[in-house]
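final.pdb, holding PDB, C-alpha atoms and all ligand atoms:
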MODEL        1
ATOM      1  CA  MET C 240      26.593 -59.237  76.487
ATOM      2  CA  SER C 241      26.062 -55.496  76.608
ATOM      3  CA  ASN C 242      23.615 -53.563  74.487
ATOM      4  CA  THR C 243      26.000 -51.646  72.219
ATOM      5  CA  SER C 244      23.929 -51.623  69.065
ATOM      6  CA  SER C 245      20.590 -50.130  70.091
ATOM      7  CA  SER C 246      19.166 -47.382  72.261
ATOM      8  CA  PRO C 247      17.999 -48.267  75.730
ATOM      9  CA  ILE C 248      14.318 -49.013  76.245
ATOM     10  CA  VAL C 249      12.784 -46.210  78.330
ATOM     11  CA  VAL C 250      10.022 -47.315  80.697
ATOM     12  CA  ARG C 251       7.968 -45.234  83.120
ATOM     13  CA  THR C 252       6.000 -47.831  85.049
ATOM     14  CA  ILE C 253       6.962 -50.509  87.556
ATOM     15  CA  GLY C 254       4.847 -52.970  85.567
ATOM     16  CA  GLU C 255       6.860 -52.462  82.367
ATOM     17  CA  LEU C 256      10.124 -52.633  84.308
ATOM     18  CA  ARG C 257       9.139 -55.951  85.888
ATOM     19  CA  GLU C 258       7.917 -57.382  82.588
ATOM     20  CA  THR C 259      11.276 -56.693  80.928
ATOM     21  CA  VAL C 260      13.226 -57.999  83.910
ATOM     22  CA  ASP C 261      11.110 -61.184  83.930
ATOM     23  CA  THR C 262      11.853 -61.750  80.225
ATOM     24  CA  TRP C 263      15.576 -61.299  80.820
ATOM     25  CA  ARG C 264      15.433 -63.691  83.764
ATOM     26  CA  ARG C 265      13.734 -66.350  81.627
ATOM     27  CA  ASP C 266      16.590 -65.902  79.142
ATOM     28  CA  GLY C 267      19.099 -66.552  81.943
ATOM     29  CA  GLU C 268      20.498 -62.994  81.965
ATOM     30  CA  LYS C 269      22.183 -61.391  84.969
ATOM     31  CA  ILE C 270      20.901 -57.917  85.755
ATOM     32  CA  ALA C 271      22.627 -54.856  87.248
ATOM     33  CA  LEU C 272      20.917 -51.744  88.593
ATOM     34  CA  VAL C 273      22.366 -48.217  88.770
ATOM     35  CA  PRO C 274      20.060 -45.791  90.616
ATOM     36  CA  THR C 275      20.586 -42.087  89.831
ATOM     37  CA  MET C 276      18.817 -38.742  89.968
ATOM     38  CA  GLY C 277      19.874 -37.905  86.386
ATOM     39  CA  ALA C 278      21.972 -34.964  85.106
ATOM     40  CA  LEU C 279      24.491 -37.667  84.419
ATOM     41  CA  HIS C 280      28.261 -37.175  84.427
ATOM     42  CA  GLU C 281      31.328 -39.391  84.205
ATOM     43  CA  GLY C 282      30.870 -40.465  87.834
ATOM     44  CA  HIS C 283      27.505 -42.005  87.011
ATOM     45  CA  LEU C 284      28.886 -43.508  83.800
ATOM     46  CA  SER C 285      31.686 -45.187  85.764
ATOM     47  CA  LEU C 286      28.984 -47.008  87.739
ATOM     48  CA  VAL C 287      27.487 -48.179  84.441
ATOM     49  CA  ASP C 288      30.916 -49.519  83.379
ATOM     50  CA  ILE C 289      31.116 -51.489  86.620
ATOM     51  CA  ALA C 290      27.545 -52.714  86.118
ATOM     52  CA  HIS C 291      28.482 -54.128  82.703
ATOM     53  CA  LYS C 292      31.287 -56.123  84.348
ATOM     54  CA  HIS C 293      28.787 -57.850  86.619
ATOM     55  CA  ALA C 294      25.783 -58.422  84.388
ATOM     56  CA  GLY C 295      24.626 -58.835  80.795
ATOM     57  CA  LYS C 296      21.741 -56.396  81.265
ATOM     58  CA  VAL C 297      22.088 -52.958  82.813
ATOM     59  CA  ILE C 298      19.230 -50.818  84.134
ATOM     60  CA  VAL C 299      19.762 -47.156  85.024
ATOM     61  CA  THR C 300      17.036 -45.431  87.000
ATOM     62  CA  ILE C 301      16.514 -41.689  86.744
ATOM     63  CA  PHE C 302      14.294 -40.316  89.479
ATOM     64  CA  ILE C 303      14.730 -37.122  91.468
ATOM     65  CA  ASN C 304      13.474 -38.454  94.760
ATOM     66  CA  PRO C 305      11.542 -35.687  96.530
ATOM     67  CA  THR C 306      11.548 -37.410  99.929
ATOM     68  CA  GLN C 307      15.311 -37.101 100.349
ATOM     69  CA  PHE C 308      15.255 -33.299  99.978
ATOM     70  CA  GLY C 309      14.555 -31.211 103.060
ATOM     71  CA  PRO C 310      12.560 -27.967 103.152
ATOM     72  CA  GLY C 311      14.599 -25.183 101.558
ATOM     73  CA  GLU C 312      16.876 -27.618  99.714
ATOM     74  CA  ASP C 313      17.324 -27.627  95.943
ATOM     75  CA  LEU C 314      14.583 -30.050  94.796
ATOM     76  CA  ASP C 315      13.053 -27.574  92.331
ATOM     77  CA  ALA C 316      16.397 -26.337  91.044
ATOM     78  CA  TYR C 317      17.973 -29.797  90.776
ATOM     79  CA  PRO C 318      19.369 -30.135  87.213
ATOM     80  CA  ARG C 319      17.278 -32.158  84.770
ATOM     81  CA  ASP C 320      18.395 -33.303  81.309
ATOM     82  CA  GLU C 321      16.605 -36.465  80.286
ATOM     83  CA  ALA C 322      17.470 -36.138  76.577
ATOM     84  CA  GLY C 323      21.160 -35.662  77.374
ATOM     85  CA  ASP C 324      21.063 -38.523  79.877
ATOM     86  CA  ARG C 325      19.450 -40.785  77.303
ATOM     87  CA  ALA C 326      22.194 -40.046  74.749
ATOM     88  CA  LYS C 327      24.935 -40.731  77.309
ATOM     89  CA  LEU C 328      23.355 -43.991  78.425
ATOM     90  CA  SER C 329      22.801 -45.068  74.840
ATOM     91  CA  ALA C 330      26.521 -44.558  74.123
ATOM     92  CA  GLN C 331      27.255 -46.546  77.279
ATOM     93  CA  GLY C 332      25.296 -49.596  76.086
ATOM     94  CA  VAL C 333      22.624 -49.402  78.800
ATOM     95  CA  ASP C 334      19.677 -51.727  78.162
ATOM     96  CA  LEU C 335      16.863 -50.029  80.038
ATOM     97  CA  ILE C 336      16.198 -46.626  81.568
ATOM     98  CA  PHE C 337      13.558 -46.555  84.275
ATOM     99  CA  ALA C 338      12.353 -42.945  84.539
ATOM    100  CA  PRO C 339       9.102 -42.998  86.505
ATOM    101  CA  GLU C 340       6.894 -40.013  87.303
ATOM    102  CA  ARG C 341       6.548 -39.072  90.949
ATOM    103  CA  ASN C 342       3.070 -40.622  91.226
ATOM    104  CA  GLU C 343       4.301 -43.991  90.012
ATOM    105  CA  ILE C 344       6.690 -44.142  92.953
ATOM    106  CA  TYR C 345       4.619 -42.297  95.556
ATOM    107  CA  PRO C 346       0.940 -42.741  94.644
ATOM    108  CA  PRO C 347      -1.715 -41.072  96.783
ATOM    109  CA  GLY C 348      -1.906 -42.804 100.153
ATOM    110  CA  PHE C 349       1.766 -43.795 100.203
ATOM    111  CA  ALA C 350       2.581 -44.073 103.917
ATOM    112  CA  THR C 351       5.735 -46.131 104.472
ATOM    113  CA  ARG C 352       9.144 -44.849 105.473
ATOM    114  CA  ILE C 353      12.304 -46.846 106.076
ATOM    115  CA  THR C 354      14.644 -45.651 108.822
ATOM    116  CA  VAL C 355      18.117 -47.095 109.270
ATOM    117  CA  ASP C 356      19.230 -46.383 112.829
ATOM    118  CA  GLY C 357      22.743 -45.654 114.023
ATOM    119  CA  LEU C 358      24.526 -45.006 110.752
ATOM    120  CA  THR C 359      22.249 -42.053 110.030
ATOM    121  CA  ASP C 360      22.761 -40.124 113.306
ATOM    122  CA  CYS C 361      25.951 -38.414 112.174
ATOM    123  CA  LEU C 362      27.492 -36.537 109.228
ATOM    124  CA  CYS C 363      24.829 -35.800 106.558
ATOM    125  CA  GLY C 364      22.171 -37.476 108.705
ATOM    126  CA  ARG C 365      22.722 -34.933 111.466
ATOM    127  CA  VAL C 366      22.599 -31.844 109.262
ATOM    128  CA  ARG C 367      19.915 -33.116 106.851
ATOM    129  CA  PRO C 368      17.209 -34.620 109.100
ATOM    130  CA  GLY C 369      15.049 -37.132 107.227
ATOM    131  CA  HIS C 370      17.392 -37.272 104.240
ATOM    132  CA  PHE C 371      18.452 -40.879 104.778
ATOM    133  CA  ASP C 372      14.864 -42.000 105.428
ATOM    134  CA  GLY C 373      14.088 -40.680 101.953
ATOM    135  CA  VAL C 374      17.152 -42.402 100.495
ATOM    136  CA  ALA C 375      16.479 -45.706 102.278
ATOM    137  CA  THR C 376      12.830 -45.729 101.221
ATOM    138  CA  ILE C 377      13.456 -45.014  97.541
ATOM    139  CA  VAL C 378      16.396 -47.416  97.298
ATOM    140  CA  ALA C 379      14.471 -50.226  98.994
ATOM    141  CA  LYS C 380      11.653 -49.625  96.511
ATOM    142  CA  LEU C 381      13.963 -49.582  93.476
ATOM    143  CA  LEU C 382      15.763 -52.735  94.633
ATOM    144  CA  ASN C 383      12.414 -54.441  95.109
ATOM    145  CA  GLN C 384      11.070 -53.203  91.782
ATOM    146  CA  ALA C 385      14.062 -54.302  89.704
ATOM    147  CA  ARG C 386      15.127 -57.407  91.642
ATOM    148  CA  ALA C 387      18.567 -57.119  90.033
ATOM    149  CA  ASP C 388      21.513 -59.369  90.870
ATOM    150  CA  VAL C 389      23.733 -56.414  91.722
ATOM    151  CA  ALA C 390      23.289 -52.692  92.320
ATOM    152  CA  ILE C 391      26.111 -50.168  92.081
ATOM    153  CA  PHE C 392      26.458 -47.093  94.328
ATOM    154  CA  GLY C 393      29.277 -44.538  94.445
ATOM    155  CA  GLU C 394      31.635 -44.005  97.381
ATOM    156  CA  LYS C 395      31.124 -40.299  96.672
ATOM    157  CA  ASP C 396      28.072 -40.724  98.929
ATOM    158  CA  PHE C 397      29.917 -42.994 101.339
ATOM    159  CA  GLN C 398      27.454 -42.759 104.222
ATOM    160  CA  GLN C 399      24.629 -43.483 101.782
ATOM    161  CA  LEU C 400      26.496 -46.592 100.564
ATOM    162  CA  LEU C 401      26.777 -47.851 104.162
ATOM    163  CA  VAL C 402      23.090 -47.131 104.836
ATOM    164  CA  ILE C 403      22.037 -49.006 101.688
ATOM    165  CA  THR C 404      24.307 -51.954 102.454
ATOM    166  CA  ARG C 405      22.782 -52.129 105.943
ATOM    167  CA  LEU C 406      19.174 -51.897 104.789
ATOM    168  CA  SER C 407      19.572 -54.494 102.084
ATOM    169  CA  TYR C 408      21.066 -56.903 104.638
ATOM    170  CA  ASP C 409      18.432 -56.126 107.262
ATOM    171  CA  LEU C 410      15.525 -56.439 104.813
ATOM    172  CA  ASP C 411      16.848 -59.682 103.235
ATOM    173  CA  ILE C 412      17.110 -58.082  99.823
ATOM    174  CA  SER C 413      19.076 -60.478  97.640
ATOM    175  CA  THR C 414      20.598 -57.837  95.327
ATOM    176  CA  LYS C 415      24.313 -57.532  96.038
ATOM    177  CA  ILE C 416      25.352 -53.940  96.840
ATOM    178  CA  ILE C 417      28.632 -52.904  95.210
ATOM    179  CA  GLY C 418      30.553 -49.695  96.006
ATOM    180  CA  ALA C 419      32.369 -47.772  93.277
ATOM    181  CA  PRO C 420      35.340 -45.380  93.547
ATOM    182  CA  ILE C 421      34.898 -41.612  93.350
ATOM    183  CA  ILE C 422      35.487 -40.042  89.937
ATOM    184  CA  ARG C 423      37.136 -36.626  90.169
ATOM    185  CA  GLU C 424      38.079 -33.618  88.050
ATOM    186  CA  ALA C 425      41.788 -33.001  87.421
ATOM    187  CA  ASP C 426      42.045 -30.768  90.538
ATOM    188  CA  GLY C 427      40.410 -33.426  92.715
ATOM    189  CA  LEU C 428      36.860 -32.050  92.849
ATOM    190  CA  ALA C 429      34.484 -35.015  93.008
ATOM    191  CA  LEU C 430      32.094 -34.969  90.053
ATOM    192  CA  SER C 431      28.576 -34.075  91.136
ATOM    193  CA  SER C 432      25.392 -33.019  89.374
ATOM    194  CA  ARG C 433      25.398 -30.033  91.751
ATOM    195  CA  ASN C 434      28.748 -28.725  90.434
ATOM    196  CA  VAL C 435      26.814 -26.907  87.667
ATOM    197  CA  TYR C 436      25.533 -24.511  90.337
ATOM    198  CA  LEU C 437      29.060 -23.178  90.943
ATOM    199  CA  SER C 438      30.099 -19.835  89.429
ATOM    200  CA  GLY C 439      33.627 -19.544  87.998
ATOM    201  CA  ASP C 440      35.049 -18.202  91.274
ATOM    202  CA  GLU C 441      33.174 -20.762  93.354
ATOM    203  CA  ARG C 442      34.473 -23.554  91.114
ATOM    204  CA  LYS C 443      38.042 -22.480  91.972
ATOM    205  CA  ILE C 444      37.261 -22.640  95.687
ATOM    206  CA  ALA C 445      35.621 -26.043  95.201
ATOM    207  CA  GLY C 446      38.864 -27.348  93.709
ATOM    208  CA  ARG C 447      40.592 -26.654  97.037
ATOM    209  CA  PHE C 448      38.196 -28.865  98.983
ATOM    210  CA  ASN C 449      39.767 -32.168  97.996
ATOM    211  CA  GLN C 450      43.279 -30.707  98.258
ATOM    212  CA  VAL C 451      42.572 -29.826 101.898
ATOM    213  CA  LEU C 452      41.337 -33.382 102.537
ATOM    214  CA  ARG C 453      44.420 -34.849 100.857
ATOM    215  CA  ASP C 454      46.715 -32.631 102.949
ATOM    216  CA  ALA C 455      44.859 -33.728 106.085
ATOM    217  CA  VAL C 456      45.281 -37.401 105.177
ATOM    218  CA  GLU C 457      49.002 -36.836 104.617
ATOM    219  CA  ALA C 458      49.408 -35.078 107.978
ATOM    220  CA  LEU C 459      47.544 -37.897 109.775
ATOM    221  CA  LYS C 460      49.770 -40.477 108.128
ATOM    222  CA  GLN C 461      52.753 -38.541 109.433
ATOM    223  CA  GLY C 462      51.368 -38.944 112.932
ATOM    224  CA  GLN C 463      49.936 -35.505 113.605
ATOM    225  CA  SER C 464      47.030 -35.438 116.046
ATOM    226  CA  ILE C 465      43.468 -35.541 114.754
ATOM    227  CA  GLY C 466      42.537 -32.316 116.557
ATOM    228  CA  ALA C 467      45.447 -30.385 115.067
ATOM    229  CA  VAL C 468      44.878 -31.770 111.576
ATOM    230  CA  LEU C 469      41.145 -31.029 111.541
ATOM    231  CA  GLY C 470      41.707 -27.556 113.018
ATOM    232  CA  LYS C 471      44.207 -26.720 110.296
ATOM    233  CA  ALA C 472      41.969 -28.139 107.564
ATOM    234  CA  GLN C 473      39.000 -26.058 108.727
ATOM    235  CA  ALA C 474      41.143 -22.925 108.792
ATOM    236  CA  GLU C 475      42.385 -23.683 105.263
ATOM    237  CA  LEU C 476      38.849 -24.150 103.944
ATOM    238  CA  LYS C 477      37.793 -20.824 105.427
ATOM    239  CA  ARG C 478      40.907 -19.124 104.076
ATOM    240  CA  HIS C 479      40.099 -20.377 100.569
ATOM    241  CA  GLY C 480      36.632 -18.813 100.799
ATOM    242  CA  VAL C 481      34.375 -21.704 101.840
ATOM    243  CA  THR C 482      31.118 -20.197 103.112
ATOM    244  CA  ARG C 483      30.242 -22.802 105.739
ATOM    245  CA  ILE C 484      31.554 -26.136 106.966
ATOM    246  CA  ASP C 485      28.750 -28.572 107.794
ATOM    247  CA  TYR C 486      31.243 -31.112 109.107
ATOM    248  CA  LEU C 487      34.830 -32.246 108.796
ATOM    249  CA  GLU C 488      35.340 -35.484 110.683
ATOM    250  CA  ILE C 489      37.238 -38.740 110.771
ATOM    251  CA  ARG C 490      35.188 -41.863 111.196
ATOM    252  CA  ASP C 491      35.372 -45.605 110.813
ATOM    253  CA  ALA C 492      34.650 -46.741 107.259
ATOM    254  CA  GLN C 493      32.306 -49.532 108.337
ATOM    255  CA  ASN C 494      30.332 -48.285 111.329
ATOM    256  CA  LEU C 495      31.084 -44.527 111.284
ATOM    257  CA  THR C 496      32.403 -44.522 114.859
ATOM    258  CA  PRO C 497      34.251 -41.215 115.281
ATOM    259  CA  TYR C 498      38.007 -40.961 115.766
ATOM    260  CA  THR C 499      38.797 -37.840 117.768
ATOM    261  CA  ILE C 500      42.185 -38.377 119.378
ATOM    262  CA  THR C 501      44.344 -40.915 117.565
ATOM    263  CA  LEU C 502      43.881 -43.452 114.808
ATOM    264  CA  ALA C 503      44.264 -47.103 115.735
ATOM    265  CA  PRO C 504      47.104 -48.626 113.680
ATOM    266  CA  ASP C 505      44.657 -50.848 111.800
ATOM    267  CA  ALA C 506      42.026 -48.138 111.587
ATOM    268  CA  ARG C 507      39.707 -48.300 108.624
ATOM    269  CA  ALA C 508      39.340 -44.562 108.934
ATOM    270  CA  ARG C 509      38.057 -42.082 106.395
ATOM    271  CA  ILE C 510      37.896 -38.330 106.449
ATOM    272  CA  PHE C 511      34.438 -36.950 105.629
ATOM    273  CA  GLY C 512      33.624 -33.359 104.718
ATOM    274  CA  ALA C 513      30.570 -31.331 103.759
ATOM    275  CA  ILE C 514      30.842 -27.651 102.906
ATOM    276  CA  PHE C 515      28.849 -24.844 101.376
ATOM    277  CA  ILE C 516      30.362 -22.611  98.732
ATOM    278  CA  GLY C 517      27.787 -19.866  98.355
ATOM    279  CA  LYS C 518      24.499 -21.737  98.178
ATOM    280  CA  THR C 519      26.010 -24.967  96.833
ATOM    281  CA  ARG C 520      26.595 -27.869  99.188
ATOM    282  CA  LEU C 521      29.455 -30.230  98.342
ATOM    283  CA  ILE C 522      30.520 -33.456 100.035
ATOM    284  CA  ASP C 523      33.688 -35.503  99.736
ATOM    285  CA  ASN C 524      35.514 -38.275 101.583
ATOM    286  CA  MET C 525      38.786 -40.185 101.404
ATOM    287  CA  ALA C 526      40.400 -43.237 102.956
ATOM    288  CA  ILE C 527      43.210 -42.470 105.388
ATOM    289  CA  ALA C 528      45.035 -45.794 105.202
TER
HETATM  290  P1  LIG E   1      23.025 -39.065  92.278
HETATM  291  O1  LIG E   1      22.504 -38.951  90.876
HETATM  292  O2  LIG E   1      23.816 -37.888  92.733
HETATM  293  O3  LIG E   1      21.968 -39.529  93.263
HETATM  294  O4  LIG E   1      24.088 -40.245  92.239
HETATM  295  C1  LIG E   1      23.745 -41.510  91.741
HETATM  296  C2  LIG E   1      24.862 -42.466  92.040
HETATM  297  O5  LIG E   1      26.068 -42.002  91.429
HETATM  298  C3  LIG E   1      25.165 -42.592  93.544
HETATM  299  O6  LIG E   1      25.452 -43.946  93.834
HETATM  300  C4  LIG E   1      26.379 -41.716  93.697
HETATM  301  O7  LIG E   1      27.192 -42.076  94.796
HETATM  302  C5  LIG E   1      27.094 -41.966  92.391
HETATM  303  N1  LIG E   1      28.034 -40.876  92.093
HETATM  304  C6  LIG E   1      27.754 -39.546  92.043
HETATM  305  N2  LIG E   1      28.877 -38.848  91.796
HETATM  306  C7  LIG E   1      29.885 -39.752  91.708
HETATM  307  C8  LIG E   1      31.291 -39.644  91.481
HETATM  308  N3  LIG E   1      31.895 -38.491  91.312
HETATM  309  N4  LIG E   1      32.019 -40.790  91.452
HETATM  310  C9  LIG E   1      31.421 -41.992  91.635
HETATM  311  N5  LIG E   1      30.106 -42.154  91.853
HETATM  312  C10 LIG E   1      29.342 -41.057  91.891
ENDMDL
END
The structure given in the file should be rewritten as structure tokens.
Ligand code: AMP
Amino acid sequence: MSNTSSSPIVVRTIGELRETVDTWRRDGEKIALVPTMGALHEGHLSLVDIAHKHAGKVIVTIFINPTQFGPGEDLDAYPRDEAGDRAKLSAQGVDLIFAPERNEIYPPGFATRITVDGLTDCLCGRVRPGHFDGVATIVAKLLNQARADVAIFGEKDFQQLLVITRLSYDLDISTKIIGAPIIREADGLALSSRNVYLSGDERKIAGRFNQVLRDAVEALKQGQSIGAVLGKAQAELKRHGVTRIDYLEIRDAQNLTPYTITLAPDARARIFGAIFIGKTRLIDNMAIA
């Protein structure tokens, strides 16, 4: 049963979170967790919808995790709107918002870091050193704090979803990790809290990003070579005004092994891209099958 009639409880401490979860457990409730960094949009809310399908009680966490931002990245500028987030989550029938302060999560003396090998060597892991250690550490903590039955993560951050699935298996965390499809604007741009950074002109360029990926997928399906397709896609991105391409690659959807020459007929391949438009970094990915 979802909480449609009342506002979510907002808690700031792990103790209060656990107390509420323990009460729900005693009442036989199933619990779903949706970790976020706030500045919520329809992409986040789609995860909440999925959470409701799996559990009677839904927890959304809002925490801008400093350890996943590198030096010079946008930690200080990252959009914050707790009042707006609260209203959206209330309308969505969320039961509890966990919005801890930084010290609650990383008290003085905090010294542990989780590293997931292999999956983090490439793509965002290569260009954002330490990013996935920060992600793995915070997600392991949140999973351990909430001890939910399921946790929902978006395919928008596909590599992150694989890293979290791996760590929860490796660390014997019993919460089931569920992936959720990417929610997009009408022109294909994946919703992201960072899209608010884009000026009007940059927003137009951003709309081309997914179109270029879709065209690449189509060309691959028609049998064109990976090298030719990626070369053309990069040229298109530049032509549209993309400032920098961090990567544009085709990799296996389970272990991120690269495909550079041809796709195996049963390939579970995805195309992955990360670009800068001005100072704003955008990522996207799509299945090729
Ligand atoms: P963030 O607040 O950016 O850390 O994202 C929190 C969760 O929402 C992550 O699991 C993201 O993958 C997911 N998410 C963000 N944008 C989208 C989107 N456009 N569609 C689906 N899920 C998303």
Report, as JSON, the centre and edge lengths in Å (one decimal) of the axis-aligned box enclosing every listed atom of ligand LIG 1 (chain E), padded by 5 Å on each side.
{"center_x": 27.0, "center_y": -40.9, "center_z": 92.8, "size_x": 20.1, "size_y": 16.1, "size_z": 13.9}
Q) For the file shown, what are the residues hit by the PyMOL selection byres (((not hetatm)) within 9 of (chain E and resi 1)), laid out as a ChimeraX atom specification? A) /C:273-286,301-304,391-397,399-400,418-424,428-433
>> What would the selection look like, as a PyMOL selection string, if the PyMOL selection byres (((chain C and resi 459) around 12) and not hetatm) were run on the coordinates I just shared?
In response: chain C and resi 452-458+460-469+471-472+489+498-504+506+508-510+526-528
Can you measure atom CA of Cys361 of chain C to atom CA of Gln398 of chain C for me? One decimal in Å is fine.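 Those two atoms sit 9.2 Å apart.
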Atom CA of Val249 of chain C sits from atom CA of Asp261 of chain C at a separation of 16.1 Å
Exercise for review: May I have the protein, DNA and RNA residues with an atom at most 12 Å from (28.8, -51.6, 108.7), counting only C-alpha atoms in the file's coordinates, returned as a list in words?
Suggested key: Val355, Asp356, Gly357, Leu358, Thr359, Phe397, Gln398, Gln399, Leu400, Leu401, Val402, Ile403, Thr404, Arg405, Leu406, Ser407, Tyr408, Asp409, Arg490, Asp491, Ala492, Gln493, Asn494, Leu495, Thr496 and Arg507 of chain C
The residue from C:Gln307, C:Thr259, C:Asn383, C:Thr351 with the smallest atom-to-atom distance to Cys363 of chain C, counting all atoms listed in the file, is C:Gln307
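Residue nearest Arg341 of chain C, chosen from C:Arg447, C:Arg367, C:Lys296, C:Arg251 and counting all atoms listed in the file: C:Arg251.
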Original post:
If you count only C-alpha atoms, which residues fall within 9 Å of Asn449 of chain C, apart from same-chain ones fewer than 6 positions away, as a list in words?
Top reply: Asp426, Gly427, Leu428, Ala429, Asp523, Asn524 and Met525 of chain C
Keeping only C-alpha atoms, write the selected residues to a file as a PDB file, in the coordinates of the input.
ATOM      1  CA  ASP C 426      42.045 -30.768  90.538  1.00  0.00           C
ATOM      2  CA  GLY C 427      40.410 -33.426  92.715  1.00  0.00           C
ATOM      3  CA  LEU C 428      36.860 -32.050  92.849  1.00  0.00           C
ATOM      4  CA  ALA C 429      34.484 -35.015  93.008  1.00  0.00           C
ATOM      5  CA  ASP C 523      33.688 -35.503  99.736  1.00  0.00           C
ATOM      6  CA  ASN C 524      35.514 -38.275 101.583  1.00  0.00           C
ATOM      7  CA  MET C 525      38.786 -40.185 101.404  1.00  0.00           C
TER       8      MET C 525
END
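When only C-alpha atoms are used to measure the gap to Val297 of chain C, the shortest distance among C:Ile377, C:Ala322, C:Ile484, C:Val389 belongs to C:Val389.
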* **Selection: 6 Å around segment 327-337 of chain C, all atoms listed in the file, excl. self and same-chain fewer than 2 positions, as a PyMOL selection string** => chain C and resi 241-243+246-251+296-300+324-325
Under the PyMOL selection byres (((chain C and resi 485) around 9) and not hetatm), which residues of this model are included? Write them out as a compact mmCIF listing (two decimals) with C-alpha atoms, keeping the file's coordinate frame.
# COMPACT_ATOMS: atom_id res chain seq x y z
CA LEU C 362 27.49 -36.54 109.23
CA CYS C 363 24.83 -35.80 106.56
CA VAL C 366 22.60 -31.84 109.26
CA ARG C 483 30.24 -22.80 105.74
CA ILE C 484 31.55 -26.14 106.97
CA TYR C 486 31.24 -31.11 109.11
CA LEU C 487 34.83 -32.25 108.80
CA GLY C 512 33.62 -33.36 104.72
CA ALA C 513 30.57 -31.33 103.76
CA ILE C 514 30.84 -27.65 102.91
CA PHE C 515 28.85 -24.84 101.38
CA ARG C 520 26.60 -27.87 99.19
Item to check | Proximity to Val260 of chain C - best of C:Lys443, C:Arg352, C:Arg386, C:His291, only C-alpha atoms | outcome: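 For Val260 of chain C, the nearest of the candidates is C:Arg386.
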Between atom CA of Gly323 of chain C and atom CA of Asp440 of chain C lies a distance of 26.3 Å
Fill in: Residue neighbourhood segment 436-439 of chain C, 9 Å, all atoms listed in the file, exclusion window fewer than 5 positions, as a PyMOL selection string
chain C and resi 318+445+516-519
Let me make sure I understand: among C:Ala338, C:Ile289, C:Phe308, C:Ala271, which one has the smallest atom-to-atom distance to Asp320 of chain C if we use only C-alpha atoms?
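That would be C:Ala338, the residue with the smallest distance to Asp320 of chain C.
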